[in-house]
>>> print(open('final-v7.pdb').read())   # PDB, C-alpha atoms and all ligand atoms
MODEL        1
ATOM      1  CA  MET A 297      20.651 -17.301  -3.281  1.00  0.00           C
ATOM      2  CA  THR A 298      20.983 -13.533  -3.508  1.00  0.00           C
ATOM      3  CA  PHE A 299      19.415 -10.343  -4.808  1.00  0.00           C
ATOM      4  CA  GLU A 300      20.641  -7.055  -6.231  1.00  0.00           C
ATOM      5  CA  ARG A 301      18.902  -3.711  -6.636  1.00  0.00           C
ATOM      6  CA  PHE A 302      19.348  -1.415  -9.642  1.00  0.00           C
ATOM      7  CA  GLU A 303      18.339   2.223  -9.924  1.00  0.00           C
ATOM      8  CA  SER A 304      17.281   4.180 -13.005  1.00  0.00           C
ATOM      9  CA  ALA A 305      18.514   7.729 -13.546  1.00  0.00           C
ATOM     10  CA  LEU A 306      14.827   8.700 -13.808  1.00  0.00           C
ATOM     11  CA  TRP A 307      13.042   9.093 -10.421  1.00  0.00           C
ATOM     12  CA  GLN A 308      15.369   6.608  -8.668  1.00  0.00           C
ATOM     13  CA  THR A 309      13.128   3.881 -10.094  1.00  0.00           C
ATOM     14  CA  ALA A 310      14.167   0.523  -8.661  1.00  0.00           C
ATOM     15  CA  SER A 311      14.625  -2.850 -10.348  1.00  0.00           C
ATOM     16  CA  LEU A 312      15.514  -6.109  -8.653  1.00  0.00           C
ATOM     17  CA  LEU A 313      17.385  -9.166  -9.795  1.00  0.00           C
ATOM     18  CA  LEU A 314      16.662 -12.235  -7.665  1.00  0.00           C
ATOM     19  CA  VAL A 315      19.128 -15.055  -8.253  1.00  0.00           C
ATOM     20  CA  ALA A 316      19.041 -18.687  -7.169  1.00  0.00           C
ATOM     21  CA  ASP A 317      20.250 -21.970  -8.610  1.00  0.00           C
ATOM     22  CA  GLY A 318      21.428 -20.506 -11.916  1.00  0.00           C
ATOM     23  CA  GLU A 319      18.073 -18.825 -12.539  1.00  0.00           C
ATOM     24  CA  ALA A 320      17.157 -15.178 -12.159  1.00  0.00           C
ATOM     25  CA  VAL A 321      13.895 -13.299 -11.691  1.00  0.00           C
ATOM     26  CA  ALA A 322      13.825  -9.625 -12.702  1.00  0.00           C
ATOM     27  CA  VAL A 323      11.308  -7.405 -10.886  1.00  0.00           C
ATOM     28  CA  ASP A 324      10.217  -4.204 -12.695  1.00  0.00           C
ATOM     29  CA  PRO A 325      13.336  -4.093 -14.924  1.00  0.00           C
ATOM     30  CA  CYS A 326      13.592  -0.437 -15.975  1.00  0.00           C
ATOM     31  CA  ILE A 327      13.772   2.175 -17.502  1.00  0.00           C
ATOM     32  CA  SER A 328      16.006   2.909 -20.512  1.00  0.00           C
ATOM     33  CA  SER A 329      17.211   0.180 -22.873  1.00  0.00           C
ATOM     34  CA  ALA A 330      20.788   0.756 -21.649  1.00  0.00           C
ATOM     35  CA  GLU A 331      19.761   0.477 -17.992  1.00  0.00           C
ATOM     36  CA  VAL A 332      17.794  -2.713 -18.608  1.00  0.00           C
ATOM     37  CA  ALA A 333      20.702  -4.157 -20.613  1.00  0.00           C
ATOM     38  CA  LEU A 334      22.921  -3.730 -17.534  1.00  0.00           C
ATOM     39  CA  ILE A 335      20.499  -5.859 -15.501  1.00  0.00           C
ATOM     40  CA  ALA A 336      20.551  -8.607 -18.136  1.00  0.00           C
ATOM     41  CA  GLU A 337      24.359  -8.405 -18.279  1.00  0.00           C
ATOM     42  CA  ARG A 338      24.606  -8.709 -14.514  1.00  0.00           C
ATOM     43  CA  ALA A 339      22.479 -11.864 -14.570  1.00  0.00           C
ATOM     44  CA  ARG A 340      24.828 -13.345 -17.172  1.00  0.00           C
ATOM     45  CA  ALA A 341      27.865 -12.379 -15.079  1.00  0.00           C
ATOM     46  CA  LEU A 342      26.310 -14.211 -12.130  1.00  0.00           C
ATOM     47  CA  GLY A 343      25.839 -17.264 -14.342  1.00  0.00           C
ATOM     48  CA  ALA A 344      22.058 -17.025 -14.181  1.00  0.00           C
ATOM     49  CA  ARG A 345      19.425 -17.169 -16.923  1.00  0.00           C
ATOM     50  CA  VAL A 346      16.540 -14.705 -16.497  1.00  0.00           C
ATOM     51  CA  THR A 347      13.590 -17.099 -16.574  1.00  0.00           C
ATOM     52  CA  HIS A 348      10.894 -14.783 -15.172  1.00  0.00           C
ATOM     53  CA  VAL A 349      10.002 -11.124 -15.033  1.00  0.00           C
ATOM     54  CA  LEU A 350       7.599  -9.770 -12.404  1.00  0.00           C
ATOM     55  CA  ALA A 351       5.758  -6.434 -12.518  1.00  0.00           C
ATOM     56  CA  THR A 352       4.400  -4.626  -9.438  1.00  0.00           C
ATOM     57  CA  HIS A 353       1.925  -2.508 -11.442  1.00  0.00           C
ATOM     58  CA  ALA A 354       1.253  -1.445 -15.020  1.00  0.00           C
ATOM     59  CA  ASP A 355       2.691   2.089 -14.878  1.00  0.00           C
ATOM     60  CA  TRP A 356       4.975   2.614 -17.864  1.00  0.00           C
ATOM     61  CA  ASP A 357       8.177   3.047 -15.852  1.00  0.00           C
ATOM     62  CA  HIS A 358       7.687  -0.402 -14.279  1.00  0.00           C
ATOM     63  CA  VAL A 359       6.722  -2.444 -17.364  1.00  0.00           C
ATOM     64  CA  CYS A 360       8.822  -0.814 -20.127  1.00  0.00           C
ATOM     65  CA  GLY A 361      11.700  -3.289 -19.649  1.00  0.00           C
ATOM     66  CA  ILE A 362       9.796  -6.569 -20.000  1.00  0.00           C
ATOM     67  CA  ALA A 363      10.378  -6.607 -23.761  1.00  0.00           C
ATOM     68  CA  ALA A 364      14.132  -6.921 -23.175  1.00  0.00           C
ATOM     69  CA  PHE A 365      13.526 -10.469 -21.878  1.00  0.00           C
ATOM     70  CA  PRO A 366      11.678 -12.220 -24.727  1.00  0.00           C
ATOM     71  CA  ASP A 367      12.561 -15.707 -23.464  1.00  0.00           C
ATOM     72  CA  ALA A 368      11.425 -15.129 -19.878  1.00  0.00           C
ATOM     73  CA  VAL A 369       7.930 -15.680 -18.515  1.00  0.00           C
ATOM     74  CA  ALA A 370       6.332 -12.272 -17.866  1.00  0.00           C
ATOM     75  CA  ALA A 371       4.209 -12.754 -14.749  1.00  0.00           C
ATOM     76  CA  MET A 372       2.033 -10.247 -12.908  1.00  0.00           C
ATOM     77  CA  GLY A 373      -1.054  -9.879 -10.741  1.00  0.00           C
ATOM     78  CA  GLU A 374      -4.470 -10.239 -12.346  1.00  0.00           C
ATOM     79  CA  PRO A 375      -5.367  -6.529 -12.539  1.00  0.00           C
ATOM     80  CA  THR A 376      -1.955  -5.621 -13.978  1.00  0.00           C
ATOM     81  CA  ALA A 377      -2.258  -8.439 -16.516  1.00  0.00           C
ATOM     82  CA  GLU A 378      -5.581  -6.977 -17.674  1.00  0.00           C
ATOM     83  CA  LEU A 379      -4.022  -3.559 -18.282  1.00  0.00           C
ATOM     84  CA  VAL A 380      -1.135  -5.121 -20.194  1.00  0.00           C
ATOM     85  CA  ALA A 381      -3.304  -7.497 -22.248  1.00  0.00           C
ATOM     86  CA  SER A 382      -5.664  -4.671 -23.240  1.00  0.00           C
ATOM     87  CA  GLY A 383      -2.791  -2.717 -24.770  1.00  0.00           C
ATOM     88  CA  ALA A 384      -3.421   0.242 -22.447  1.00  0.00           C
ATOM     89  CA  ALA A 385      -0.099  -0.166 -20.619  1.00  0.00           C
ATOM     90  CA  GLY A 386       1.815  -0.559 -23.888  1.00  0.00           C
ATOM     91  CA  ALA A 387       0.290   2.573 -25.407  1.00  0.00           C
ATOM     92  CA  ARG A 388       1.368   4.494 -22.332  1.00  0.00           C
ATOM     93  CA  VAL A 389       4.927   3.112 -22.579  1.00  0.00           C
ATOM     94  CA  VAL A 390       5.208   4.359 -26.157  1.00  0.00           C
ATOM     95  CA  GLU A 391       3.691   7.743 -25.318  1.00  0.00           C
ATOM     96  CA  ARG A 392       5.765   8.392 -22.163  1.00  0.00           C
ATOM     97  CA  ALA A 393       9.054   7.192 -23.661  1.00  0.00           C
ATOM     98  CA  ALA A 394       8.507   9.647 -26.537  1.00  0.00           C
ATOM     99  CA  LYS A 395       7.572  12.446 -24.126  1.00  0.00           C
ATOM    100  CA  TYR A 396      10.741  11.978 -22.058  1.00  0.00           C
ATOM    101  CA  GLY A 397      12.900  11.188 -25.100  1.00  0.00           C
ATOM    102  CA  ILE A 398      14.043   7.854 -23.654  1.00  0.00           C
ATOM    103  CA  ASP A 399      14.794   4.730 -25.658  1.00  0.00           C
ATOM    104  CA  VAL A 400      13.028   1.867 -23.856  1.00  0.00           C
ATOM    105  CA  PRO A 401      12.846  -1.860 -24.643  1.00  0.00           C
ATOM    106  CA  GLY A 402       9.188  -1.540 -25.682  1.00  0.00           C
ATOM    107  CA  PRO A 403       5.568  -2.315 -24.831  1.00  0.00           C
ATOM    108  CA  PRO A 404       5.022  -5.092 -22.249  1.00  0.00           C
ATOM    109  CA  ARG A 405       3.396  -8.494 -22.628  1.00  0.00           C
ATOM    110  CA  VAL A 406       1.875 -10.913 -20.134  1.00  0.00           C
ATOM    111  CA  ASP A 407       2.604 -14.649 -20.212  1.00  0.00           C
ATOM    112  CA  ARG A 408       1.340 -15.710 -16.820  1.00  0.00           C
ATOM    113  CA  VAL A 409      -1.387 -14.255 -14.622  1.00  0.00           C
ATOM    114  CA  LEU A 410      -0.823 -14.496 -10.866  1.00  0.00           C
ATOM    115  CA  ALA A 411      -3.771 -14.803  -8.499  1.00  0.00           C
ATOM    116  CA  VAL A 412      -3.259 -12.147  -5.840  1.00  0.00           C
ATOM    117  CA  GLY A 413      -3.435 -13.252  -2.205  1.00  0.00           C
ATOM    118  CA  ARG A 414      -1.601 -16.507  -2.933  1.00  0.00           C
ATOM    119  CA  ALA A 415       1.942 -17.823  -3.149  1.00  0.00           C
ATOM    120  CA  HIS A 416       3.373 -18.857  -6.512  1.00  0.00           C
ATOM    121  CA  ARG A 417       6.350 -20.875  -7.620  1.00  0.00           C
ATOM    122  CA  ILE A 418       8.354 -18.472  -9.802  1.00  0.00           C
ATOM    123  CA  GLY A 419      11.416 -20.308 -11.094  1.00  0.00           C
ATOM    124  CA  PRO A 420      13.465 -21.249  -8.033  1.00  0.00           C
ATOM    125  CA  LEU A 421      11.528 -18.957  -5.680  1.00  0.00           C
ATOM    126  CA  THR A 422       8.251 -18.973  -3.796  1.00  0.00           C
ATOM    127  CA  VAL A 423       6.635 -15.578  -4.250  1.00  0.00           C
ATOM    128  CA  GLU A 424       3.660 -14.345  -2.222  1.00  0.00           C
ATOM    129  CA  ALA A 425       1.516 -11.874  -4.186  1.00  0.00           C
ATOM    130  CA  LEU A 426      -0.216  -9.263  -1.998  1.00  0.00           C
ATOM    131  CA  ALA A 427      -2.847  -6.821  -3.246  1.00  0.00           C
ATOM    132  CA  LEU A 428      -1.642  -3.236  -2.753  1.00  0.00           C
ATOM    133  CA  PRO A 429      -4.171  -0.871  -4.345  1.00  0.00           C
ATOM    134  CA  GLY A 430      -3.673   2.813  -3.588  1.00  0.00           C
ATOM    135  CA  HIS A 431      -1.068   4.274  -5.910  1.00  0.00           C
ATOM    136  CA  THR A 432      -2.920   2.502  -8.721  1.00  0.00           C
ATOM    137  CA  PRO A 433      -5.840   0.061  -8.522  1.00  0.00           C
ATOM    138  CA  ASP A 434      -3.598  -2.777  -9.786  1.00  0.00           C
ATOM    139  CA  GLY A 435      -0.676  -2.642  -7.311  1.00  0.00           C
ATOM    140  CA  THR A 436       0.811  -5.990  -6.267  1.00  0.00           C
ATOM    141  CA  ALA A 437       3.567  -6.503  -3.693  1.00  0.00           C
ATOM    142  CA  TYR A 438       5.855  -9.513  -3.874  1.00  0.00           C
ATOM    143  CA  ARG A 439       7.223 -11.150  -0.757  1.00  0.00           C
ATOM    144  CA  ILE A 440      10.045 -13.635  -1.069  1.00  0.00           C
ATOM    145  CA  ARG A 441      10.725 -15.169   2.324  1.00  0.00           C
ATOM    146  CA  GLN A 442      13.785 -17.075   1.054  1.00  0.00           C
ATOM    147  CA  LEU A 443      15.418 -13.654   0.527  1.00  0.00           C
ATOM    148  CA  ASP A 444      13.674 -11.917   3.483  1.00  0.00           C
ATOM    149  CA  LEU A 445      12.468  -9.327   0.978  1.00  0.00           C
ATOM    150  CA  LEU A 446       9.292  -7.383   0.198  1.00  0.00           C
ATOM    151  CA  ALA A 447       8.928  -5.401  -3.043  1.00  0.00           C
ATOM    152  CA  VAL A 448       6.116  -2.873  -2.555  1.00  0.00           C
ATOM    153  CA  GLY A 449       5.850  -1.082  -5.918  1.00  0.00           C
ATOM    154  CA  ASP A 450       5.069   2.612  -5.615  1.00  0.00           C
ATOM    155  CA  HIS A 451       4.439   2.726  -1.880  1.00  0.00           C
ATOM    156  CA  LEU A 452       6.734   3.580   1.084  1.00  0.00           C
ATOM    157  CA  SER A 453       9.107   5.768  -0.935  1.00  0.00           C
ATOM    158  CA  ALA A 454      11.683   7.813   0.987  1.00  0.00           C
ATOM    159  CA  ALA A 455      12.097   9.950  -2.147  1.00  0.00           C
ATOM    160  CA  GLU A 456       8.449  10.729  -2.864  1.00  0.00           C
ATOM    161  CA  PHE A 457       5.103  11.135  -1.118  1.00  0.00           C
ATOM    162  CA  PRO A 458       1.965   9.054  -1.766  1.00  0.00           C
ATOM    163  CA  PHE A 459       0.527   9.460  -5.271  1.00  0.00           C
ATOM    164  CA  ALA A 460      -2.977   8.157  -4.674  1.00  0.00           C
ATOM    165  CA  SER A 461      -5.389   7.033  -7.371  1.00  0.00           C
ATOM    166  CA  SER A 462      -7.771   6.288  -4.479  1.00  0.00           C
ATOM    167  CA  THR A 463      -7.172   7.822  -1.059  1.00  0.00           C
ATOM    168  CA  VAL A 464      -9.320   5.233   0.718  1.00  0.00           C
ATOM    169  CA  ASP A 465      -7.452   2.367  -0.975  1.00  0.00           C
ATOM    170  CA  TYR A 466      -4.133   3.994  -0.146  1.00  0.00           C
ATOM    171  CA  ARG A 467      -5.007   4.381   3.558  1.00  0.00           C
ATOM    172  CA  THR A 468      -6.184   0.759   3.691  1.00  0.00           C
ATOM    173  CA  THR A 469      -2.973  -0.438   2.035  1.00  0.00           C
ATOM    174  CA  LEU A 470      -0.835   1.587   4.452  1.00  0.00           C
ATOM    175  CA  ALA A 471      -2.735   0.176   7.442  1.00  0.00           C
ATOM    176  CA  ALA A 472      -2.074  -3.354   6.129  1.00  0.00           C
ATOM    177  CA  LEU A 473       1.613  -2.581   5.534  1.00  0.00           C
ATOM    178  CA  ILE A 474       1.985  -1.060   9.004  1.00  0.00           C
ATOM    179  CA  ASP A 475       0.522  -4.235  10.512  1.00  0.00           C
ATOM    180  CA  LEU A 476       2.820  -6.418   8.399  1.00  0.00           C
ATOM    181  CA  LEU A 477       5.887  -4.325   9.287  1.00  0.00           C
ATOM    182  CA  ARG A 478       5.063  -4.517  12.994  1.00  0.00           C
ATOM    183  CA  THR A 479       4.087  -8.164  13.285  1.00  0.00           C
ATOM    184  CA  ASP A 480       5.807 -10.021  10.420  1.00  0.00           C
ATOM    185  CA  PRO A 481       8.549  -7.731   9.122  1.00  0.00           C
ATOM    186  CA  PRO A 482      10.841  -8.612   6.221  1.00  0.00           C
ATOM    187  CA  ALA A 483      14.487  -7.546   6.618  1.00  0.00           C
ATOM    188  CA  HIS A 484      14.479  -5.662   3.311  1.00  0.00           C
ATOM    189  CA  VAL A 485      11.734  -3.474   1.852  1.00  0.00           C
ATOM    190  CA  VAL A 486      12.199  -2.358  -1.765  1.00  0.00           C
ATOM    191  CA  PRO A 487      10.013   0.565  -2.896  1.00  0.00           C
ATOM    192  CA  GLY A 488       9.553   1.309  -6.593  1.00  0.00           C
ATOM    193  CA  HIS A 489      11.326   4.655  -6.185  1.00  0.00           C
ATOM    194  CA  GLY A 490      14.069   5.692  -3.789  1.00  0.00           C
ATOM    195  CA  PRO A 491      16.385   3.677  -1.576  1.00  0.00           C
ATOM    196  CA  MET A 492      15.900   0.193  -0.192  1.00  0.00           C
ATOM    197  CA  LEU A 493      14.718   0.268   3.420  1.00  0.00           C
ATOM    198  CA  ARG A 494      15.041  -1.746   6.585  1.00  0.00           C
ATOM    199  CA  SER A 495      11.679  -2.660   8.055  1.00  0.00           C
ATOM    200  CA  GLU A 496      11.911   0.019  10.811  1.00  0.00           C
ATOM    201  CA  GLN A 497      12.574   2.702   8.181  1.00  0.00           C
ATOM    202  CA  ALA A 498       9.681   1.437   6.075  1.00  0.00           C
ATOM    203  CA  LEU A 499       7.407   1.535   9.124  1.00  0.00           C
ATOM    204  CA  THR A 500       8.349   5.152   9.853  1.00  0.00           C
ATOM    205  CA  ILE A 501       7.503   6.113   6.256  1.00  0.00           C
ATOM    206  CA  ALA A 502       4.239   4.144   6.314  1.00  0.00           C
ATOM    207  CA  GLU A 503       3.124   5.897   9.509  1.00  0.00           C
ATOM    208  CA  ALA A 504       4.047   9.336   8.158  1.00  0.00           C
ATOM    209  CA  ASP A 505       2.233   8.647   4.869  1.00  0.00           C
ATOM    210  CA  LEU A 506      -0.887   7.456   6.691  1.00  0.00           C
ATOM    211  CA  ALA A 507      -0.808  10.528   8.962  1.00  0.00           C
ATOM    212  CA  TYR A 508      -0.605  12.702   5.809  1.00  0.00           C
ATOM    213  CA  LEU A 509      -3.585  10.959   4.188  1.00  0.00           C
ATOM    214  CA  ASP A 510      -5.577  11.098   7.455  1.00  0.00           C
ATOM    215  CA  ALA A 511      -4.836  14.841   7.702  1.00  0.00           C
ATOM    216  CA  LEU A 512      -5.823  15.296   4.041  1.00  0.00           C
ATOM    217  CA  ARG A 513      -9.149  13.567   4.610  1.00  0.00           C
ATOM    218  CA  GLU A 514      -9.871  15.633   7.701  1.00  0.00           C
ATOM    219  CA  ALA A 515      -8.896  18.894   5.975  1.00  0.00           C
ATOM    220  CA  VAL A 516     -11.030  18.234   2.879  1.00  0.00           C
ATOM    221  CA  ARG A 517     -13.982  17.147   5.010  1.00  0.00           C
ATOM    222  CA  ALA A 518     -13.791  20.339   7.078  1.00  0.00           C
ATOM    223  CA  GLY A 519     -12.638  22.891   4.512  1.00  0.00           C
ATOM    224  CA  GLY A 520     -12.897  21.442   1.021  1.00  0.00           C
ATOM    225  CA  ALA A 521     -10.225  21.328  -1.660  1.00  0.00           C
ATOM    226  CA  GLU A 522      -8.564  24.575  -0.599  1.00  0.00           C
ATOM    227  CA  ALA A 523      -7.928  23.235   2.906  1.00  0.00           C
ATOM    228  CA  GLY A 524      -6.694  19.988   1.354  1.00  0.00           C
ATOM    229  CA  ARG A 525      -4.093  21.817  -0.711  1.00  0.00           C
ATOM    230  CA  ALA A 526      -2.668  23.356   2.487  1.00  0.00           C
ATOM    231  CA  VAL A 527      -1.933  19.967   4.107  1.00  0.00           C
ATOM    232  CA  PRO A 528       1.855  19.586   4.346  1.00  0.00           C
ATOM    233  CA  LEU A 529       3.516  16.674   2.599  1.00  0.00           C
ATOM    234  CA  PRO A 530       5.086  13.973   4.765  1.00  0.00           C
ATOM    235  CA  ARG A 531       8.579  14.724   3.447  1.00  0.00           C
ATOM    236  CA  PRO A 532      10.359  17.177   1.148  1.00  0.00           C
ATOM    237  CA  ALA A 533       9.559  16.536  -2.512  1.00  0.00           C
ATOM    238  CA  PRO A 534      10.787  17.993  -5.805  1.00  0.00           C
ATOM    239  CA  PRO A 535       8.699  21.030  -6.893  1.00  0.00           C
ATOM    240  CA  ASP A 536       7.720  19.306 -10.170  1.00  0.00           C
ATOM    241  CA  LEU A 537       5.513  16.956  -8.139  1.00  0.00           C
ATOM    242  CA  ALA A 538       3.030  19.724  -7.223  1.00  0.00           C
ATOM    243  CA  GLU A 539       0.517  18.256  -9.668  1.00  0.00           C
ATOM    244  CA  MET A 540       0.620  14.919  -7.831  1.00  0.00           C
ATOM    245  CA  GLN A 541      -0.210  16.745  -4.588  1.00  0.00           C
ATOM    246  CA  ALA A 542      -3.166  18.404  -6.333  1.00  0.00           C
ATOM    247  CA  ALA A 543      -4.267  15.004  -7.683  1.00  0.00           C
ATOM    248  CA  ASN A 544      -4.337  13.636  -4.128  1.00  0.00           C
ATOM    249  CA  VAL A 545      -6.683  16.463  -3.117  1.00  0.00           C
ATOM    250  CA  GLU A 546      -8.932  15.656  -6.093  1.00  0.00           C
ATOM    251  CA  ALA A 547      -8.960  11.957  -5.174  1.00  0.00           C
ATOM    252  CA  GLN A 548      -9.840  12.847  -1.602  1.00  0.00           C
ATOM    253  CA  VAL A 549     -12.667  15.159  -2.707  1.00  0.00           C
ATOM    254  CA  ALA A 550     -14.011  12.375  -4.948  1.00  0.00           C
ATOM    255  CA  GLU A 551     -13.896   9.847  -2.095  1.00  0.00           C
ATOM    256  CA  LEU A 552     -15.895  12.069   0.237  1.00  0.00           C
ATOM    257  CA  LEU A 553     -18.404  12.987  -2.474  1.00  0.00           C
ATOM    258  CA  GLN A 554     -18.989   9.346  -3.299  1.00  0.00           C
ATOM    259  CA  GLY A 555     -19.252   8.482   0.387  1.00  0.00           C
TER
HETATM  260 ZN    ZN A 601       6.625   4.337 -10.505  1.00  0.00          ZN
ENDMDL
END
>>> encode(input="final-v7.pdb", output="structure tokens")
Amino acid sequence: MTFERFESALWQTASLLLVADGEAVAVDPCISSAEVALIAERARALGARVTHVLATHADWDHVCGIAAFPDAVAAMGEPTAELVASGAAGARVVERAAKYGIDVPGPPRVDRVLAVGRAHRIGPLTVEALALPGHTPDGTAYRIRQLDLLAVGDHLSAAEFPFASSTVDYRTTLAALIDLLRTDPPAHVVPGHGPMLRSEQALTIAEADLAYLDALREAVRAGGAEAGRAVPLPRPAPPDLAEMQAANVEAQVAELLQG
């Protein structure tokens, strides 16, 4: 029983191949057709058939590779399955791939809907599905205790800062992850972007990200959007992510207005 991590040239987006008993489970296989083909090839080299594909959330860069595995069962959390079944995720895959000029396997499908908050038998593995809203409303983490591994989707990235669709959801998710990393840590934490982490490294990132979101909330409460824009990011980030920082401020303003 083993696992391997793969990284796309775009945004250090991570894929996983989990292998046991001649079967393989691909998690977020991505992004370009050539990159996804390498994952499939690696499974073959290991003598394993890819029987399942898991998706952590419906963002295009995480579901664009499912189509490369037509014989596998495409499984995902309930809210992700809804976005895929509606065609919304597929439309985004087509649109983004064209925008970035990347050849991708195609729009995703869903074959099996996973209840979140429960463990599931996925091929040879037992996979716990944890709700992780924050980056998107549909985020699902997968914990595989047989491999001492937690895949967290687009949270806990050493290469990025939080991109929050809901700041209150994101803070709640980070608090839950911090508790998990302190009291029941997996050996390996695999974020959707950036390097794989040990649990202590993941905890450091989670605490820094929560401190950033706490500071953002406080700043917006006291000084509005302008004060929010002045809150420093938890780690250096590429300049082309300025619009994500602005989106966090907007999400924070919306949270306080609704509250
Ligand atoms: Zn992503």
>>> residues_around(input="final-v7.pdb", residues="Ser304 of chain A", least_positions_apart="6", cutoff="9 Å", atoms="only C-alpha atoms", output="JSON, numbers by chain")
{"A": [310, 311, 326, 327, 328, 331, 332]}
>>> resolve_selection(input="final-v7.pdb", expression="the PyMOL selection byres (((chain A and resi 312) around 9) and not hetatm)", output="PyMOL selection string")
chain A and resi 299-303+310-311+313-314+321-325+335+447+486
>>> atom_distance(input="final-v7.pdb", atom1="atom CA of Val380 of chain A", atom2="atom CA of Val346 of chain A")
20.4 Å
>>> residues_near_ligand(input="final-v7.pdb", ligand="ligand ZN 601 (chain A)", cutoff="6 Å", atoms="all atoms listed in the file", output="VMD selection string")
chain A and resid 357 450 488
>>> resolve_selection(input="final-v7.pdb", expression="the PyMOL selection byres (((chain A and resi 426) around 12) and not hetatm)", output="mmCIF file with C-alpha atoms, in the coordinates of the input")
data_model
loop_
_atom_site.group_PDB
_atom_site.id
_atom_site.type_symbol
_atom_site.label_atom_id
_atom_site.label_comp_id
_atom_site.auth_asym_id
_atom_site.auth_seq_id
_atom_site.Cartn_x
_atom_site.Cartn_y
_atom_site.Cartn_z
ATOM 1 C CA THR A 352 4.400 -4.626 -9.438
ATOM 2 C CA HIS A 353 1.925 -2.508 -11.442
ATOM 3 C CA MET A 372 2.033 -10.247 -12.908
ATOM 4 C CA GLY A 373 -1.054 -9.879 -10.741
ATOM 5 C CA GLU A 374 -4.470 -10.239 -12.346
ATOM 6 C CA LEU A 410 -0.823 -14.496 -10.866
ATOM 7 C CA ALA A 411 -3.771 -14.803 -8.499
ATOM 8 C CA VAL A 412 -3.259 -12.147 -5.840
ATOM 9 C CA GLY A 413 -3.435 -13.252 -2.205
ATOM 10 C CA ARG A 414 -1.601 -16.507 -2.933
ATOM 11 C CA ALA A 415 1.942 -17.823 -3.149
ATOM 12 C CA HIS A 416 3.373 -18.857 -6.512
ATOM 13 C CA VAL A 423 6.635 -15.578 -4.250
ATOM 14 C CA GLU A 424 3.660 -14.345 -2.222
ATOM 15 C CA ALA A 425 1.516 -11.874 -4.186
ATOM 16 C CA ALA A 427 -2.847 -6.821 -3.246
ATOM 17 C CA LEU A 428 -1.642 -3.236 -2.753
ATOM 18 C CA PRO A 429 -4.171 -0.871 -4.345
ATOM 19 C CA ASP A 434 -3.598 -2.777 -9.786
ATOM 20 C CA GLY A 435 -0.676 -2.642 -7.311
ATOM 21 C CA THR A 436 0.811 -5.990 -6.267
ATOM 22 C CA ALA A 437 3.567 -6.503 -3.693
ATOM 23 C CA TYR A 438 5.855 -9.513 -3.874
ATOM 24 C CA ARG A 439 7.223 -11.150 -0.757
ATOM 25 C CA ILE A 440 10.045 -13.635 -1.069
ATOM 26 C CA LEU A 446 9.292 -7.383 0.198
ATOM 27 C CA ALA A 447 8.928 -5.401 -3.043
ATOM 28 C CA VAL A 448 6.116 -2.873 -2.555
ATOM 29 C CA GLY A 449 5.850 -1.082 -5.918
ATOM 30 C CA THR A 469 -2.973 -0.438 2.035
ATOM 31 C CA ALA A 472 -2.074 -3.354 6.129
ATOM 32 C CA LEU A 473 1.613 -2.581 5.534
ATOM 33 C CA LEU A 476 2.820 -6.418 8.399
#
>>> residues_around(input="final-v7.pdb", residues="segment 523-528 of chain A", least_positions_apart="5", cutoff="7 Å", atoms="all atoms listed in the file", output="VMD selection string")
chain A and resid 511 to 512 515 to 516 542 545
